[in-house]
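*Asks:* The structure file protein-v3.cif (mmCIF, C-alpha atoms) is provided below.
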data_start
#
loop_
_atom_site.label_atom_id
_atom_site.label_comp_id
_atom_site.auth_asym_id
_atom_site.auth_seq_id
_atom_site.Cartn_x
_atom_site.Cartn_y
_atom_site.Cartn_z
CA MET A 1 -2.31 -5.07 -8.73
CA ILE A 2 -3.25 -3.40 -5.46
CA ARG A 3 -5.30 -0.28 -4.91
CA ASN A 4 -4.33 1.49 -1.70
CA ASN A 5 -6.44 3.31 0.84
CA PRO A 6 -4.74 6.24 2.59
CA THR A 7 -2.04 4.89 4.90
CA ILE A 8 -3.22 4.15 8.44
CA SER A 9 -0.90 3.66 11.43
CA ARG A 10 -0.88 0.05 12.61
CA ARG A 11 -0.90 1.35 16.19
CA ASN A 12 -4.05 3.37 15.53
CA VAL A 13 -7.37 1.75 16.47
CA LEU A 14 -5.83 -1.60 17.43
CA ARG A 15 -3.53 -1.72 14.40
CA THR A 16 -6.27 -1.41 11.83
CA ALA A 17 -3.92 -0.89 8.90
CA ALA A 18 -4.32 -3.67 6.43
CA GLY A 19 -3.23 -5.03 3.07
CA ALA A 20 -2.09 -8.05 1.16
CA ALA A 21 0.84 -9.63 -0.60
CA LEU A 22 0.48 -9.98 -4.29
CA VAL A 23 2.38 -12.00 -6.79
CA SER A 24 1.85 -11.38 -10.53
CA VAL A 25 1.93 -14.50 -12.68
CA ALA A 26 0.58 -14.93 -16.21
CA GLY A 27 -2.03 -17.63 -16.81
CA CYS A 28 -2.43 -18.93 -20.31
CA LEU A 29 -5.55 -20.21 -22.00
CA THR A 30 -5.95 -22.36 -25.04
CA ASP A 31 -9.00 -22.24 -27.23
CA ASP A 32 -10.78 -24.78 -25.02
CA GLY A 33 -10.28 -22.64 -21.93
CA ASP A 34 -7.56 -24.67 -20.21
CA SER A 35 -5.08 -22.82 -18.03
CA GLY A 36 -1.42 -23.63 -17.58
CA THR A 37 1.32 -23.74 -20.17
CA PRO A 38 0.94 -21.51 -23.24
CA GLY A 39 -1.36 -22.96 -25.90
CA ASP A 40 -1.79 -21.93 -29.50
CA GLY A 41 -5.39 -20.75 -28.97
CA THR A 42 -6.06 -20.91 -32.70
CA ASP A 43 -9.03 -21.76 -34.87
CA SER A 44 -7.12 -24.60 -36.51
CA PRO A 45 -5.69 -27.72 -34.81
CA ASP A 46 -2.21 -27.30 -36.31
CA GLY A 47 -1.82 -23.76 -34.92
CA GLN A 48 -1.26 -22.28 -38.38
CA GLY A 49 -4.32 -20.01 -38.51
CA PRO A 50 -4.19 -16.23 -38.03
CA LEU A 51 -5.03 -16.55 -34.32
CA GLN A 52 -1.79 -18.05 -33.03
CA ARG A 53 -2.46 -17.68 -29.30
CA VAL A 54 -5.15 -16.36 -26.99
CA ALA A 55 -4.09 -16.11 -23.34
CA VAL A 56 -4.89 -14.34 -20.08
CA GLU A 57 -1.88 -12.61 -18.53
CA GLY A 58 -2.81 -11.12 -15.16
CA THR A 59 -5.97 -9.14 -15.93
CA THR A 60 -5.26 -8.76 -19.66
CA LEU A 61 -6.48 -10.95 -22.50
CA VAL A 62 -3.75 -11.12 -25.14
CA VAL A 63 -4.33 -12.14 -28.75
CA GLU A 64 -1.25 -13.06 -30.80
CA LEU A 65 -1.46 -13.20 -34.60
CA SER A 66 0.62 -15.10 -37.11
CA PRO A 67 3.16 -13.03 -39.09
CA ASP A 68 1.15 -13.40 -42.30
CA ALA A 69 -2.31 -12.84 -40.76
CA ASP A 70 -4.51 -10.80 -43.11
CA VAL A 71 -6.56 -9.23 -40.33
CA ASP A 72 -7.51 -5.63 -39.62
CA GLN A 73 -9.76 -6.02 -36.56
CA ILE A 74 -10.22 -8.25 -33.49
CA ASN A 75 -13.53 -8.37 -31.63
CA LEU A 76 -14.08 -9.82 -28.15
CA ILE A 77 -17.61 -11.07 -27.51
CA GLN A 78 -19.02 -11.58 -24.00
CA PRO A 79 -20.94 -14.68 -22.85
CA ASN A 80 -24.25 -12.85 -23.35
CA GLY A 81 -23.38 -12.17 -26.99
CA GLU A 82 -22.66 -8.48 -26.53
CA LEU A 83 -19.46 -6.85 -27.75
CA PHE A 84 -16.86 -6.47 -24.99
CA GLY A 85 -14.46 -4.49 -27.13
CA THR A 86 -12.77 -4.16 -30.51
CA ARG A 87 -9.15 -3.56 -31.49
CA ASP A 88 -7.82 -2.35 -34.80
CA VAL A 89 -4.82 -4.29 -36.07
CA ALA A 90 -2.18 -2.03 -37.59
CA ALA A 91 -0.24 -3.26 -40.60
CA GLY A 92 2.49 -5.62 -39.43
CA ALA A 93 1.15 -5.86 -35.85
CA GLN A 94 1.11 -9.32 -34.32
CA GLN A 95 -0.57 -8.66 -30.98
CA VAL A 96 -3.55 -6.85 -29.51
CA SER A 97 -4.89 -6.93 -25.96
CA PHE A 98 -8.05 -6.34 -23.95
CA GLU A 99 -7.96 -5.26 -20.30
CA ILE A 100 -10.62 -7.45 -18.68
CA GLY A 101 -9.88 -6.43 -15.08
CA THR A 102 -11.88 -8.15 -12.33
CA SER A 103 -15.31 -6.78 -13.14
CA TYR A 104 -15.96 -9.02 -16.13
CA ALA A 105 -18.82 -11.52 -16.38
CA PRO A 106 -17.51 -15.09 -16.06
CA GLY A 107 -18.27 -17.47 -18.91
CA ASP A 108 -17.28 -18.31 -22.48
CA TYR A 109 -15.82 -15.50 -24.60
CA SER A 110 -15.35 -15.45 -28.38
CA VAL A 111 -12.38 -13.89 -30.15
CA ILE A 112 -13.17 -13.01 -33.76
CA ALA A 113 -10.63 -11.92 -36.37
CA LEU A 114 -11.99 -9.83 -39.25
CA ARG A 115 -10.82 -8.42 -42.56
CA ASP A 116 -12.96 -5.74 -44.23
CA GLU A 117 -15.71 -6.57 -41.70
CA GLU A 118 -15.74 -10.23 -42.75
CA THR A 119 -14.90 -12.99 -40.25
CA VAL A 120 -11.72 -14.85 -41.18
CA ALA A 121 -11.09 -16.76 -37.93
CA GLU A 122 -12.78 -17.35 -34.60
CA THR A 123 -11.92 -19.07 -31.32
CA SER A 124 -13.33 -19.15 -27.81
CA LEU A 125 -12.07 -19.41 -24.27
CA SER A 126 -13.58 -19.66 -20.81
CA LEU A 127 -12.97 -16.95 -18.22
CA GLN A 128 -13.98 -18.46 -14.90
CA PRO A 129 -12.07 -17.97 -11.63
CA ASP A 130 -12.03 -20.71 -9.01
CA LEU A 131 -10.48 -19.60 -5.71
CA GLU A 132 -9.64 -22.14 -3.02
CA ILE A 133 -8.31 -21.64 0.50
CA VAL A 134 -5.17 -23.78 0.68
CA GLU A 135 -3.92 -22.99 4.19
CA MET A 136 -4.62 -20.71 7.11
CA GLY A 137 -2.51 -20.11 10.20
CA ILE A 138 -1.83 -17.72 13.09
CA GLY A 139 1.25 -15.56 13.42
CA ARG A 140 1.86 -16.61 17.04
CA ASN A 141 2.17 -20.25 15.92
CA GLN A 142 3.88 -19.80 12.54
CA PRO A 143 5.83 -16.51 12.59
CA GLU A 144 8.02 -17.74 9.71
CA LYS A 145 5.02 -17.44 7.39
CA MET A 146 4.30 -13.84 8.36
CA TRP A 147 5.96 -10.59 7.35
CA ASP A 148 9.03 -9.23 9.15
CA GLY A 149 7.52 -7.14 11.94
CA PRO A 150 7.19 -6.83 15.73
CA ARG A 151 6.30 -10.16 17.34
CA ASP A 152 3.39 -8.76 19.31
CA GLU A 153 1.73 -7.51 16.11
CA ILE A 154 2.39 -10.65 14.09
CA ALA A 155 1.11 -12.89 16.89
CA GLU A 156 -2.38 -11.34 16.65
CA GLU A 157 -2.71 -11.70 12.87
CA ALA A 158 -3.32 -14.56 10.46
CA PHE A 159 -2.09 -15.61 7.04
CA VAL A 160 -4.28 -17.21 4.37
CA THR A 161 -2.87 -18.95 1.29
CA VAL A 162 -5.24 -18.79 -1.68
CA GLU A 163 -4.99 -20.49 -5.06
CA ASN A 164 -6.92 -19.62 -8.22
CA GLN A 165 -7.51 -22.93 -9.96
CA GLY A 166 -9.70 -21.33 -12.62
CA SER A 167 -9.10 -19.73 -16.00
CA GLY A 168 -9.81 -16.09 -15.18
CA PRO A 169 -8.54 -13.52 -12.65
CA ASP A 170 -10.42 -12.52 -9.53
CA ALA A 171 -9.99 -10.00 -6.71
CA ILE A 172 -10.22 -10.68 -2.98
CA THR A 173 -12.01 -7.69 -1.48
CA LYS A 174 -12.53 -8.71 2.16
CA LEU A 175 -11.00 -11.06 4.73
CA LEU A 176 -13.31 -12.01 7.62
CA PHE A 177 -13.15 -14.12 10.78
CA ILE A 178 -16.64 -14.79 12.16
CA GLY A 179 -17.32 -16.83 15.30
CA ASP A 180 -15.24 -17.85 18.29
CA VAL A 181 -11.98 -16.06 17.49
CA PRO A 182 -10.80 -13.71 20.26
CA TYR A 183 -11.58 -10.55 18.27
CA PRO A 184 -13.98 -11.35 15.38
CA SER A 185 -14.80 -9.19 12.37
CA ASP A 186 -18.48 -8.64 13.20
CA GLU A 187 -20.23 -6.56 15.86
CA GLU A 188 -18.69 -8.73 18.57
CA GLY A 189 -15.26 -7.37 17.66
CA THR A 190 -13.90 -4.98 15.05
CA ASN A 191 -17.32 -4.66 13.37
CA TYR A 192 -16.21 -4.19 9.75
CA ALA A 193 -17.96 -7.21 8.21
CA ASP A 194 -20.68 -5.06 6.64
CA SER A 195 -18.46 -2.09 5.78
CA ASP A 196 -17.79 -1.38 2.12
CA ASP A 197 -14.68 0.63 2.97
CA ILE A 198 -12.72 -1.90 5.02
CA SER A 199 -11.14 -5.05 3.62
CA GLY A 200 -9.33 -6.41 6.67
CA ILE A 201 -6.31 -7.18 4.44
CA TYR A 202 -2.79 -6.02 5.20
CA ASP A 203 0.06 -5.28 2.76
CA PRO A 204 3.53 -5.56 4.35
CA GLN A 205 5.18 -3.52 1.59
CA SER A 206 3.06 -0.41 2.08
CA ASP A 207 2.12 -1.09 5.73
CA SER A 208 -1.43 -0.08 4.85
CA GLU A 209 -4.87 -1.42 4.16
CA VAL A 210 -5.75 -2.24 0.55
CA ASN A 211 -9.12 -2.46 -1.14
CA GLU A 212 -8.40 -5.61 -3.10
CA VAL A 213 -5.83 -8.22 -4.02
CA ILE A 214 -5.88 -9.67 -7.51
CA VAL A 215 -5.31 -13.39 -8.00
CA GLY A 216 -4.55 -14.34 -11.59
CA ALA A 217 -5.46 -17.64 -13.19
CA GLY A 218 -3.13 -20.34 -11.86
CA GLU A 219 -1.69 -18.09 -9.14
CA GLN A 220 -1.18 -18.91 -5.49
CA ILE A 221 -0.78 -15.97 -3.11
CA THR A 222 -0.75 -15.28 0.62
CA VAL A 223 -2.86 -12.55 2.18
CA TYR A 224 -2.58 -11.28 5.74
CA SER A 225 -5.16 -10.06 8.24
CA SER A 226 -4.88 -6.58 9.71
CA ARG A 227 -7.62 -6.26 12.30
CA SER A 228 -5.98 -8.45 14.96
CA PRO A 229 -8.57 -11.27 14.97
CA PHE A 230 -6.43 -13.26 17.41
CA ALA A 231 -5.86 -10.46 19.93
CA PHE A 232 -7.32 -10.70 23.44
CA VAL A 233 -8.71 -7.21 23.98
CA PRO A 234 -9.90 -6.19 27.46
CA GLY A 235 -13.65 -5.65 27.46
CA ALA A 236 -14.16 -7.11 23.98
CA GLY A 237 -14.36 -10.56 22.44
CA THR A 238 -13.08 -13.56 24.39
CA SER A 239 -10.75 -13.70 27.39
CA CYS A 240 -7.97 -16.25 27.75
CA THR A 241 -8.31 -18.14 31.05
CA GLU A 242 -6.53 -21.07 32.69
CA ASP A 243 -9.39 -23.38 31.71
CA GLU A 244 -9.21 -24.66 28.15
CA GLN A 245 -11.91 -23.19 25.94
CA SER A 246 -13.03 -24.26 22.49
CA GLY A 247 -15.28 -23.09 19.70
CA GLU A 248 -15.60 -22.72 15.95
CA PHE A 249 -15.21 -19.92 13.46
CA GLU A 250 -15.64 -19.26 9.74
CA LEU A 251 -12.87 -17.88 7.57
CA ILE A 252 -14.56 -15.91 4.76
CA LEU A 253 -13.10 -14.38 1.62
CA GLU A 254 -15.32 -12.05 -0.38
CA THR A 255 -14.41 -11.79 -4.06
CA GLN A 256 -15.36 -9.49 -6.89
CA VAL A 257 -16.09 -11.67 -9.93
CA GLY A 258 -19.60 -12.97 -9.49
CA ASP A 259 -19.79 -11.37 -5.99
CA SER A 260 -18.93 -14.75 -4.47
CA ARG A 261 -17.87 -15.78 -0.97
CA ILE A 262 -15.38 -18.52 -0.15
CA GLU A 263 -15.84 -20.00 3.31
CA LYS A 264 -13.97 -22.55 5.40
CA GLY A 265 -14.72 -23.71 8.94
CA TYR A 266 -12.18 -24.14 11.73
CA ALA A 267 -12.17 -25.40 15.30
CA ILE A 268 -10.27 -23.30 17.85
CA GLN A 269 -8.94 -24.06 21.33
CA TYR A 270 -7.20 -21.65 23.68
CA SER A 271 -6.04 -21.43 27.27
CA ALA A 272 -3.71 -19.39 29.45
CA SER A 273 -0.01 -20.22 29.26
CA SER A 274 3.41 -19.02 30.32
CA GLU A 275 4.07 -17.60 26.86
CA PRO A 276 4.86 -13.83 26.65
CA ASP A 277 1.37 -13.08 25.40
CA GLY A 278 -0.14 -15.34 28.05
CA CYS A 279 -2.19 -17.62 25.80
CA ASP A 280 -1.97 -20.77 23.69
CA ILE A 281 -4.19 -21.01 20.60
CA THR A 282 -4.57 -23.97 18.28
CA ILE A 283 -6.78 -24.24 15.19
CA SER A 284 -7.79 -27.07 12.90
CA GLU A 285 -10.12 -27.51 9.95
CA THR A 286 -13.61 -28.76 10.72
#
As structure tokens, what does this structure read like?
*Replies:*
Amino acid sequence: MIRNNPTISRRNVLRTAAGAALVSVAGCLTDDGDSGTPGDGTDSPDGQGPLQRVAVEGTTLVVELSPDADVDQINLIQPNGELFGTRDVAAGAQQVSFEIGTSYAPGDYSVIALRDEETVAETSLSLQPDLEIVEMGIGRNQPEKMWDGPRDEIAEEAFVTVENQGSGPDAITKLLFIGDVPYPSDEEGTNYADSDDISGIYDPQSDSEVNEVIVGAGEQITVYSSRSPFAFVPGAGTSCTEDEQSGEFELILETQVGDSRIEKGYAIQYSASSEPDGCDITISET
């Protein structure tokens, strides 16, 4: 689920077009909030109650009912006790859903089945994303992990593999490189770190910048930079010289649920070389 900005030429303003790859995978939740294989999500241990399964699929909470469930309404209650939404259950229907998106409040939610305004079954589940940075690399060093594009463009960009180990979806809204990279995301470089309109994320399919990339519960995806953080730009950032240079930088992902930031530190070394782009760069986790 990707929302696009207007398409921007990658050759315009140092290839500022951006975006991200997205894979859509359903994450299932049982009544105790575990993610993974489908659970019954019911109010009874044998799975024979009216609430057969409660699961998160992408950004949708799905409630499946037993064939003989005598239920006419399903309510979803937020962690603060307020009503998130209600769904009428038509005669013979065995499923209703709630679109939770990525603006929900993380925490424990209650699913309540009613008949004639009386509660007949209830279960709960936890909606809590947990994003982790699994791997980060540079296109010049690992072109096989980048999209199929011109080598000079790929060499300047980075890939970041992210896994959601939690039980709820989240959205990555910004990709930042702060510190001793050749062309950082702050005022020392592309200067979009504090911009609400720039994500720094590139989508190979649309060749454009996107506002967000959704990561479902249990999903692992790869996002790509777009603002050339590893480009040596004359008059800006860091120059590549014959003498080996070193430093450190922070890789930062800003996310939507809970307005959180995921950070990871890296050491960087670079020096002039006989390569076509004239520079060797190596990175390692700190």
*Asks:* When the PyMOL selection byres ((chain A and resi 100-108) around 10) is applied to the file above, which residues end up in the set, as a PyMOL selection string?
*Replies:* chain A and resi 1+32-33+56+58-61+77-81+84-85+97-99+109-110+124-129+167-172+214-216+255-259
*Asks:* Edge lengths and centre in Å to one decimal, as lines of an AutoDock Vina configuration file, is what I'm after for the box along x, y and z that holds all listed atoms of region 151-168 of chain A once 6 Å is added on each side.
*Replies:*
center_x = -1.8
center_y = -15.2
center_z = 1.7
size_x = 28.1
size_y = 27.4
size_z = 47.3
*Asks:* Determine the nearest neighbour of Ile74 (chain A) from the options A:Leu253, A:Ala55, A:Cys279, A:Val96, counting all atoms listed in the file.
*Replies:* A:Val96
*Asks:* Do a neighbour search on Val162 (chain A) at 7 Å with all atoms listed in the file, toss out local chain neighbours closer than 5 positions, and write the hits as a PDB file with C-alpha atoms, in the frame of the given file.
*Replies:*
ATOM      1  CA  LEU A 131     -10.480 -19.600  -5.710  1.00  0.00           C
ATOM      2  CA  GLU A 132      -9.640 -22.140  -3.020  1.00  0.00           C
ATOM      3  CA  ILE A 133      -8.310 -21.640   0.500  1.00  0.00           C
ATOM      4  CA  VAL A 134      -5.170 -23.780   0.680  1.00  0.00           C
ATOM      5  CA  GLN A 220      -1.180 -18.910  -5.490  1.00  0.00           C
ATOM      6  CA  ILE A 221      -0.780 -15.970  -3.110  1.00  0.00           C
ATOM      7  CA  THR A 222      -0.750 -15.280   0.620  1.00  0.00           C
TER       8      THR A 222
END
*Asks:* For a cut-off of 8 Å around (-11.0, -2.6, -32.4), file coordinates, pick out all residues using all atoms listed in the file and list them as number ranges by chain.
*Replies:* A: 73-75, 85-89
*Asks:* When you count all atoms listed in the file, which of these residues is closest to Glu157 (chain A): A:Arg53, A:Arg227, A:Lys264, A:Lys174?
*Replies:*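 Distance minimum relative to Glu157 (chain A) lands on A:Arg227.
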*Asks:* With only C-alpha atoms as the basis for distance, which of A:Glu248, A:Asp72, A:Glu187, A:Glu144 is at the shortest distance from Ala90 (chain A)?
*Replies:*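 Selected residue with least distance to Ala90 (chain A): A:Asp72.
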*Asks:* With all atoms listed in the file as the counted atoms, please give the residues lying no more than 8 Å from Ala121 (chain A), apart from itself and same-chain residues fewer than 4 positions off, as a list in words.
*Replies:* Asp43, Gly49, Pro50, Leu51, Ile112, Ala113 and Leu114 of chain A
*Asks:* Based on the selection just made, write C-alpha atoms of those residues as a compact mmCIF listing (two decimals), in the frame of the given file.
*Replies:*
# COMPACT_ATOMS: atom_id res chain seq x y z
CA ASP A 43 -9.03 -21.76 -34.87
CA GLY A 49 -4.32 -20.01 -38.51
CA PRO A 50 -4.19 -16.23 -38.03
CA LEU A 51 -5.03 -16.55 -34.32
CA ILE A 112 -13.17 -13.01 -33.76
CA ALA A 113 -10.63 -11.92 -36.37
CA LEU A 114 -11.99 -9.83 -39.25
*Asks:* Which one is closest to Ala217 (chain A): A:Glu57, A:Asp197, A:Glu82, A:Asp243? Count all atoms listed in the file.
*Replies:*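 For Ala217 (chain A), the nearest of the candidates is A:Glu57.
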*Asks:* Identify all residues satisfying the PyMOL selection byres ((chain A and resi 136) around 12) in the given file; provide them as a ChimeraX atom specification.
*Replies:* /A:132-135,137-139,141-142,145-146,157-162,175,177,221-225,250-253,263-266,282-285
*Asks:* Could you tell me how far CA of Leu83 (chain A) sits from CA of Ser260 (chain A), in Å to one decimal place?
*Replies:*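 These atoms are spaced 24.6 Å apart.
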*Asks:* In Å, how far is it from CA of Tyr192 (chain A) to CA of Ile154 (chain A)?
*Replies:* 20.2 Å
*Asks:* Between CA of Val210 (chain A) and CA of Gly189 (chain A), what is the distance in Å, rounded to a tenth?
*Replies:* 20.2 Å
*Asks:* Run the PyMOL selection byres ((chain A and resi 185) around 12) mentally over the shown coordinates, then write out the matched residues as a ChimeraX atom specification, using the chain letters and numbers from the document.
*Replies:* /A:16,174-184,186-195,198-201,225-231,236-237,249-252
*Asks:* I'd like to know which of A:Ala93, A:Ala155, A:Ala267, A:Val120 is closest to Asp280 (chain A), using only C-alpha atoms.
*Replies:*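 With only C-alpha atoms as the atom set, the closest residue is A:Ala155.
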*Asks:* Within 6 Å of Asp130 (chain A), counting all atoms listed in the file, which residues show up once you throw out same-chain ones fewer than 2 positions away? Write them as a PyMOL selection string, please.
*Replies:* chain A and resi 164-166
*Asks:* Output requested as a PDB file, keeping the file's coordinate frame - region 250-260 of chain A, filled out with all heavy atoms.
*Replies:*
ATOM      1  N   GLU A 250     -15.652 -19.196  11.200  1.00  0.00           N
ATOM      2  CA  GLU A 250     -15.640 -19.260   9.740  1.00  0.00           C
ATOM      3  C   GLU A 250     -14.620 -18.269   9.204  1.00  0.00           C
ATOM      4  O   GLU A 250     -14.632 -17.085   9.580  1.00  0.00           O
ATOM      5  CB  GLU A 250     -17.014 -18.935   9.155  1.00  0.00           C
ATOM      6  CG  GLU A 250     -18.089 -19.983   9.417  1.00  0.00           C
ATOM      7  CD  GLU A 250     -17.872 -21.243   8.599  1.00  0.00           C
ATOM      8  OE1 GLU A 250     -17.352 -21.134   7.469  1.00  0.00           O
ATOM      9  OE2 GLU A 250     -18.239 -22.330   9.084  1.00  0.00           O
ATOM     10  N   LEU A 251     -13.746 -18.755   8.348  1.00  0.00           N
ATOM     11  CA  LEU A 251     -12.870 -17.880   7.570  1.00  0.00           C
ATOM     12  C   LEU A 251     -13.583 -17.590   6.254  1.00  0.00           C
ATOM     13  O   LEU A 251     -13.979 -18.508   5.537  1.00  0.00           O
ATOM     14  CB  LEU A 251     -11.535 -18.567   7.312  1.00  0.00           C
ATOM     15  CG  LEU A 251     -10.617 -17.925   6.276  1.00  0.00           C
ATOM     16  CD1 LEU A 251     -10.202 -16.526   6.690  1.00  0.00           C
ATOM     17  CD2 LEU A 251      -9.392 -18.803   6.039  1.00  0.00           C
ATOM     18  N   ILE A 252     -13.777 -16.303   5.938  1.00  0.00           N
ATOM     19  CA  ILE A 252     -14.560 -15.910   4.760  1.00  0.00           C
ATOM     20  C   ILE A 252     -13.733 -14.969   3.898  1.00  0.00           C
ATOM     21  O   ILE A 252     -13.166 -13.985   4.392  1.00  0.00           O
ATOM     22  CB  ILE A 252     -15.873 -15.223   5.165  1.00  0.00           C
ATOM     23  CG1 ILE A 252     -16.718 -16.170   6.024  1.00  0.00           C
ATOM     24  CG2 ILE A 252     -16.647 -14.762   3.936  1.00  0.00           C
ATOM     25  CD1 ILE A 252     -17.956 -15.508   6.622  1.00  0.00           C
ATOM     26  N   LEU A 253     -13.671 -15.276   2.616  1.00  0.00           N
ATOM     27  CA  LEU A 253     -13.100 -14.380   1.620  1.00  0.00           C
ATOM     28  C   LEU A 253     -14.218 -13.905   0.715  1.00  0.00           C
ATOM     29  O   LEU A 253     -14.933 -14.720   0.138  1.00  0.00           O
ATOM     30  CB  LEU A 253     -12.032 -15.091   0.772  1.00  0.00           C
ATOM     31  CG  LEU A 253     -10.826 -15.696   1.492  1.00  0.00           C
ATOM     32  CD1 LEU A 253      -9.941 -16.397   0.483  1.00  0.00           C
ATOM     33  CD2 LEU A 253     -10.051 -14.626   2.227  1.00  0.00           C
ATOM     34  N   GLU A 254     -14.378 -12.597   0.591  1.00  0.00           N
ATOM     35  CA  GLU A 254     -15.320 -12.050  -0.380  1.00  0.00           C
ATOM     36  C   GLU A 254     -14.540 -11.683  -1.637  1.00  0.00           C
ATOM     37  O   GLU A 254     -13.448 -11.110  -1.558  1.00  0.00           O
ATOM     38  CB  GLU A 254     -16.038 -10.830   0.191  1.00  0.00           C
ATOM     39  CG  GLU A 254     -16.951 -11.171   1.357  1.00  0.00           C
ATOM     40  CD  GLU A 254     -17.786  -9.983   1.815  1.00  0.00           C
ATOM     41  OE1 GLU A 254     -17.642  -8.888   1.221  1.00  0.00           O
ATOM     42  OE2 GLU A 254     -18.571 -10.158   2.760  1.00  0.00           O
ATOM     43  N   THR A 255     -15.096 -12.038  -2.792  1.00  0.00           N
ATOM     44  CA  THR A 255     -14.410 -11.790  -4.060  1.00  0.00           C
ATOM     45  C   THR A 255     -15.288 -10.993  -4.999  1.00  0.00           C
ATOM     46  O   THR A 255     -16.502 -10.897  -4.819  1.00  0.00           O
ATOM     47  CB  THR A 255     -14.002 -13.117  -4.726  1.00  0.00           C
ATOM     48  OG1 THR A 255     -15.181 -13.872  -5.058  1.00  0.00           O
ATOM     49  CG2 THR A 255     -13.131 -13.952  -3.796  1.00  0.00           C
ATOM     50  N   GLN A 256     -14.670 -10.437  -6.036  1.00  0.00           N
ATOM     51  CA  GLN A 256     -15.360  -9.490  -6.890  1.00  0.00           C
ATOM     52  C   GLN A 256     -16.087 -10.124  -8.067  1.00  0.00           C
ATOM     53  O   GLN A 256     -17.207  -9.750  -8.389  1.00  0.00           O
ATOM     54  CB  GLN A 256     -14.365  -8.446  -7.423  1.00  0.00           C
ATOM     55  CG  GLN A 256     -15.017  -7.295  -8.169  1.00  0.00           C
ATOM     56  CD  GLN A 256     -14.086  -6.112  -8.309  1.00  0.00           C
ATOM     57  OE1 GLN A 256     -13.290  -5.825  -7.430  1.00  0.00           O
ATOM     58  NE2 GLN A 256     -14.180  -5.430  -9.423  1.00  0.00           N
ATOM     59  N   VAL A 257     -15.461 -11.070  -8.746  1.00  0.00           N
ATOM     60  CA  VAL A 257     -16.090 -11.670  -9.930  1.00  0.00           C
ATOM     61  C   VAL A 257     -17.238 -12.555  -9.473  1.00  0.00           C
ATOM     62  O   VAL A 257     -17.047 -13.520  -8.746  1.00  0.00           O
ATOM     63  CB  VAL A 257     -15.072 -12.481 -10.750  1.00  0.00           C
ATOM     64  CG1 VAL A 257     -15.762 -13.119 -11.964  1.00  0.00           C
ATOM     65  CG2 VAL A 257     -13.926 -11.584 -11.211  1.00  0.00           C
ATOM     66  N   GLY A 258     -18.422 -12.217  -9.888  1.00  0.00           N
ATOM     67  CA  GLY A 258     -19.600 -12.970  -9.490  1.00  0.00           C
ATOM     68  C   GLY A 258     -20.054 -12.696  -8.070  1.00  0.00           C
ATOM     69  O   GLY A 258     -20.993 -13.321  -7.582  1.00  0.00           O
ATOM     70  N   ASP A 259     -19.425 -11.719  -7.379  1.00  0.00           N
ATOM     71  CA  ASP A 259     -19.790 -11.370  -5.990  1.00  0.00           C
ATOM     72  C   ASP A 259     -19.873 -12.614  -5.108  1.00  0.00           C
ATOM     73  O   ASP A 259     -20.820 -12.801  -4.339  1.00  0.00           O
ATOM     74  CB  ASP A 259     -21.142 -10.633  -5.968  1.00  0.00           C
ATOM     75  CG  ASP A 259     -21.056  -9.297  -6.679  1.00  0.00           C
ATOM     76  OD1 ASP A 259     -19.999  -8.653  -6.578  1.00  0.00           O
ATOM     77  OD2 ASP A 259     -22.030  -8.901  -7.330  1.00  0.00           O
ATOM     78  N   SER A 260     -18.881 -13.483  -5.192  1.00  0.00           N
ATOM     79  CA  SER A 260     -18.930 -14.750  -4.470  1.00  0.00           C
ATOM     80  C   SER A 260     -18.248 -14.646  -3.109  1.00  0.00           C
ATOM     81  O   SER A 260     -17.514 -13.695  -2.825  1.00  0.00           O
ATOM     82  CB  SER A 260     -18.265 -15.854  -5.299  1.00  0.00           C
ATOM     83  OG  SER A 260     -16.902 -15.544  -5.522  1.00  0.00           O
TER      84      SER A 260
END
